[in-house]
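Asks: entry20.tsv (TSV, C-alpha atoms) pasted underneath:
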chain	number	residue	atom	x	y	z
A	1	MET	CA	16.23	45.81	-43.59
A	2	ASN	CA	17.91	45.56	-40.19
A	3	ASP	CA	14.68	46.55	-38.52
A	4	SER	CA	12.82	43.67	-40.13
A	5	LEU	CA	15.60	41.23	-39.09
A	6	ASP	CA	15.44	42.53	-35.52
A	7	ILE	CA	11.66	42.18	-35.50
A	8	ASP	CA	11.91	38.65	-36.94
A	9	SER	CA	14.57	37.58	-34.41
A	10	THR	CA	12.58	39.17	-31.56
A	11	GLN	CA	9.47	37.33	-32.72
A	12	GLU	CA	11.45	34.07	-32.99
A	13	LYS	CA	12.81	34.54	-29.45
A	14	LYS	CA	9.33	35.30	-28.16
A	15	ASP	CA	7.96	32.19	-29.91
A	16	ARG	CA	10.76	30.04	-28.45
A	17	ASP	CA	10.08	31.42	-24.96
A	18	GLU	CA	6.37	30.71	-25.31
A	19	GLU	CA	7.17	27.18	-26.51
A	20	CYS	CA	9.49	26.62	-23.51
A	21	ILE	CA	6.82	27.92	-21.13
A	22	ALA	CA	4.19	25.66	-22.70
A	23	ARG	CA	6.51	22.65	-22.40
A	24	ALA	CA	7.37	23.52	-18.79
A	25	GLU	CA	3.65	23.76	-17.98
A	26	ILE	CA	3.07	20.33	-19.54
A	27	LEU	CA	5.97	18.90	-17.52
A	28	TYR	CA	4.72	20.53	-14.31
A	29	ASP	CA	1.15	19.30	-14.84
A	30	HIS	CA	2.39	15.78	-15.61
A	31	GLN	CA	4.63	15.56	-12.55
A	32	LYS	CA	1.91	16.97	-10.31
A	33	ALA	CA	-0.55	14.38	-11.64
A	34	GLN	CA	2.02	11.61	-11.08
A	35	TYR	CA	2.49	12.74	-7.48
A	36	GLU	CA	-1.27	12.76	-6.86
A	37	LEU	CA	-1.60	9.27	-8.41
A	38	ALA	CA	1.22	7.99	-6.21
A	39	VAL	CA	-0.44	9.40	-3.07
A	40	ASP	CA	-3.80	7.89	-4.08
A	41	GLY	CA	-2.17	4.53	-4.79
A	42	LEU	CA	-0.50	4.50	-1.39
A	43	ARG	CA	-3.76	5.32	0.36
A	44	ARG	CA	-5.59	2.59	-1.59
A	45	LEU	CA	-2.99	0.06	-0.45
A	46	GLU	CA	-3.46	1.16	3.14
A	47	ASP	CA	-7.23	0.79	2.71
A	48	LYS	CA	-6.81	-2.69	1.21
A	49	ALA	CA	-4.58	-3.67	4.13
A	50	THR	CA	-7.25	-2.47	6.56
A	51	LYS	CA	-9.87	-4.64	4.83
A	52	ILE	CA	-7.58	-7.68	4.91
A	53	PHE	CA	-6.91	-7.02	8.60
A	54	GLY	CA	-10.66	-7.02	9.29
A	55	PHE	CA	-11.13	-10.27	7.35
A	56	LEU	CA	-8.27	-11.94	9.23
A	57	SER	CA	-9.73	-10.81	12.53
A	58	LEU	CA	-13.07	-12.35	11.55
A	59	ILE	CA	-11.48	-15.68	10.60
A	60	ILE	CA	-9.42	-15.81	13.79
A	61	THR	CA	-12.56	-15.04	15.81
A	62	LEU	CA	-14.40	-17.85	14.03
A	63	ALA	CA	-11.62	-20.32	14.87
A	64	VAL	CA	-11.60	-19.19	18.51
A	65	LEU	CA	-15.38	-19.64	18.72
A	66	ILE	CA	-15.15	-23.14	17.25
A	67	VAL	CA	-12.50	-24.06	19.80
A	68	ARG	CA	-14.42	-22.43	22.65
A	69	TYR	CA	-17.77	-24.07	21.97
A	70	TRP	CA	-16.41	-27.49	21.09
A	71	TRP	CA	-13.43	-27.54	23.46
A	72	ASN	CA	-14.33	-30.96	24.84
A	73	ASP	CA	-14.61	-32.42	21.35
A	74	ILE	CA	-11.25	-31.03	20.27
A	75	PHE	CA	-9.34	-31.51	23.54
A	76	PRO	CA	-10.84	-34.58	25.27
A	77	THR	CA	-9.22	-36.34	28.20
A	78	THR	CA	-8.39	-39.30	25.97
A	79	HIS	CA	-7.20	-38.50	22.50
A	80	THR	CA	-6.62	-40.28	19.21
A	81	HIS	CA	-4.36	-39.68	16.25
A	82	LEU	CA	-7.15	-37.65	14.65
A	83	HIS	CA	-7.17	-35.33	17.70
A	84	ILE	CA	-3.43	-34.77	17.37
A	85	PHE	CA	-3.87	-34.17	13.63
A	86	CYS	CA	-6.61	-31.60	14.40
A	87	TRP	CA	-4.42	-29.87	17.03
A	88	LEU	CA	-1.49	-29.72	14.65
A	89	PHE	CA	-3.47	-27.93	11.96
A	90	LEU	CA	-5.22	-25.68	14.47
A	91	GLY	CA	-1.81	-24.63	15.78
A	92	ALA	CA	-0.47	-24.13	12.24
A	93	PHE	CA	-3.54	-22.05	11.35
A	94	ILE	CA	-3.07	-19.82	14.40
A	95	PHE	CA	0.66	-19.50	13.66
A	96	PHE	CA	0.15	-18.49	10.02
A	97	SER	CA	-2.75	-16.21	10.92
A	98	LEU	CA	-0.69	-14.31	13.45
A	99	ILE	CA	2.19	-13.93	10.99
A	100	SER	CA	-0.13	-12.64	8.25
A	101	TRP	CA	-1.83	-10.41	10.80
A	102	GLY	CA	1.57	-8.87	11.56
A	103	PHE	CA	2.34	-8.31	7.87
A	104	VAL	CA	-0.99	-6.66	7.17
A	105	PHE	CA	-0.85	-4.60	10.36
A	106	SER	CA	2.50	-3.24	9.22
A	107	ALA	CA	1.11	-2.53	5.75
A	108	MET	CA	-1.94	-0.66	7.03
A	109	GLN	CA	0.14	1.80	9.05
A	110	PRO	CA	-0.12	5.21	7.39
A	111	LYS	CA	3.20	6.48	6.09
A	112	ASN	CA	4.17	10.08	6.41
A	113	PHE	CA	5.54	11.48	3.23
A	114	GLU	CA	6.91	14.78	2.15
A	115	ARG	CA	4.67	17.28	0.51
A	116	PRO	CA	5.59	20.04	-1.87
A	117	SER	CA	6.95	23.10	-0.14
A	118	SER	CA	4.37	25.60	1.02
A	119	ASP	CA	6.89	28.11	2.39
A	120	ALA	CA	5.79	31.44	0.90
A	121	ASN	CA	9.31	32.90	0.91
A	122	GLU	CA	10.81	29.93	-0.96
A	123	LEU	CA	8.00	29.89	-3.48
A	124	GLU	CA	8.23	33.63	-4.01
A	125	LYS	CA	11.98	33.36	-4.68
A	126	LEU	CA	11.45	30.43	-7.02
A	127	PHE	CA	8.66	31.94	-9.07
A	128	MET	CA	9.49	35.66	-8.97
A	129	ARG	CA	13.26	35.57	-9.46
A	130	ASN	CA	13.42	33.02	-12.26
A	131	ALA	CA	12.02	32.76	-15.73
A	132	ARG	CA	8.61	31.11	-15.76
A	133	GLN	CA	9.78	27.97	-17.55
A	134	ASN	CA	12.69	27.57	-15.12
A	135	SER	CA	10.40	27.93	-12.10
A	136	LEU	CA	7.89	25.44	-13.44
A	137	THR	CA	10.64	22.97	-14.36
A	138	ALA	CA	12.22	23.26	-10.89
A	139	TYR	CA	8.87	22.66	-9.20
A	140	ALA	CA	8.19	19.73	-11.55
A	141	ARG	CA	11.54	18.26	-10.47
A	142	GLU	CA	10.43	18.61	-6.84
A	143	TYR	CA	7.19	16.74	-7.60
A	144	SER	CA	9.24	14.04	-9.33
A	145	ARG	CA	11.50	13.65	-6.28
A	146	LEU	CA	8.49	13.42	-3.97
A	147	THR	CA	6.83	10.87	-6.25
A	148	ASN	CA	9.95	8.69	-6.12
A	149	THR	CA	9.83	8.78	-2.31
A	150	ILE	CA	6.17	7.73	-2.30
A	151	ASP	CA	6.91	4.99	-4.84
A	152	GLU	CA	9.50	3.53	-2.43
A	153	ASN	CA	6.83	3.41	0.30
A	154	HIS	CA	4.42	1.85	-2.20
A	155	VAL	CA	6.88	-0.93	-3.04
A	156	GLU	CA	7.38	-1.64	0.67
A	157	LYS	CA	3.62	-1.86	1.31
A	158	VAL	CA	3.09	-4.09	-1.74
A	159	HIS	CA	5.80	-6.42	-0.44
A	160	LEU	CA	4.11	-6.58	2.97
A	161	ILE	CA	0.68	-7.27	1.46
A	162	LYS	CA	2.11	-9.97	-0.84
A	163	SER	CA	3.83	-11.60	2.14
A	164	CYS	CA	0.53	-11.45	4.03
A	165	ALA	CA	-1.32	-13.05	1.11
A	166	GLU	CA	1.19	-15.90	0.86
A	167	THR	CA	1.01	-16.55	4.59
A	168	MET	CA	-2.80	-16.34	4.49
A	169	LEU	CA	-2.81	-19.01	1.79
A	170	PHE	CA	-0.92	-21.45	4.05
A	171	GLY	CA	-3.16	-20.46	6.95
A	172	ALA	CA	-6.29	-21.00	4.86
A	173	TRP	CA	-5.23	-24.53	3.92
A	174	CYS	CA	-4.46	-25.27	7.56
A	175	PHE	CA	-7.89	-23.92	8.54
A	176	VAL	CA	-9.64	-26.07	5.95
A	177	ILE	CA	-7.78	-29.18	7.11
A	178	PHE	CA	-8.53	-28.26	10.73
A	179	LEU	CA	-12.26	-27.91	9.91
A	180	ILE	CA	-12.34	-31.23	8.09
A	181	SER	CA	-10.56	-33.01	10.91
A	182	PHE	CA	-12.82	-31.27	13.45
A	183	LEU	CA	-15.93	-32.38	11.58
A	184	LEU	CA	-14.58	-35.90	11.42
A	185	LEU	CA	-14.00	-35.77	15.19
A	186	LYS	CA	-17.43	-34.31	15.83
A	187	PHE	CA	-19.40	-36.82	13.76
A	188	THR	CA	-17.33	-39.99	14.04
A	189	ILE	CA	-16.11	-40.07	17.62
The structure in this file should be written as structure tokens.
Replies:
Amino acid sequence: MNDSLDIDSTQEKKDRDEECIARAEILYDHQKAQYELAVDGLRRLEDKATKIFGFLSLIITLAVLIVRYWWNDIFPTTHTHLHIFCWLFLGAFIFFSLISWGFVFSAMQPKNFERPSSDANELEKLFMRNARQNSLTAYAREYSRLTNTIDENHVEKVHLIKSCAETMLFGAWCFVIFLISFLLLKFTI
């Protein structure tokens, strides 16, 4: 009778250990996937910032070309109120464009972030001297810590890109008003 109780309790302990290992593996896999998603999200934001930077550069180049080729129309020797209005919105457009350019340039800078340890001695100690579920749980905690660090960088980049978008909106309106006033100058005066 005692032998059957010992066998049953040994089997129960073995089942509990297997359940703990399975749960630790699920936790490890989940945290590793979260870390990889966070890294991918950060890289996508940096890529988006690079695209916005290129678009801003194109728009600024377009404005410079307009000013360069129609300098005499925009900045004549005698000017009217419409000229001053045009200059005001050209200046505002350049101001907002440079501010948004700065925001997006800051956002597109790659951020260094910690990676999981690859030190063979540390990993050997962690995985060989501890129970499997404890090792996996400890490494999952490390992935969670690293993910939180990347998430902080992500929030910072999102803030920069949102600030850039808001500034671009003001700059876009200034550009549209500048173009309208320029066209009025070009075709009426």
Asks: With distances taken over all atoms listed in the file, which of A:Val39, A:Ile150, A:Leu27, A:Ile21 is nearest to Ala131 in chain A?
Replies: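 Answer, going by the shortest atom-to-atom distance: A:Ile21.
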Asks: Please work out which residues fall within 12 Å of (-11.7, -24.1, 21.9), coordinates as given in the file, with all atoms listed in the file counting, and return them as a list in words.
Replies: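 It turns out the residues near that spot are Ile60, Thr61, Leu62, Ala63, Val64, Leu65, Ile66, Val67, Arg68, Tyr69, Trp70, Trp71, Asn72, Asp73, Ile74, Phe75, Pro76, Cys86, Trp87, Leu90, Gly91 and Phe182 of chain A.
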Asks: Axis-aligned box over every listed atom of range 165-180 of chain A, padded by 5 Å per side: centre and edges in Å to one decimal, as AutoDock Vina command-line options?
Replies:
--center_x -5.6 --center_y -22.1 --center_z 5.8 --size_x 23.5 --size_y 28.2 --size_z 19.9
Asks: Could you check how far CA of Tyr35 in chain A sits from CA of Leu146 in chain A, in Å to one decimal?
Replies: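 Interatomic distance, CA of Tyr35 in chain A to CA of Leu146 in chain A: 7.0 Å.
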Asks: To one decimal in Å, tell me the separation between CA of Phe53 in chain A and CA of Leu169 in chain A.
Replies: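 Going from CA of Phe53 in chain A over to CA of Leu169 in chain A covers 14.4 Å.
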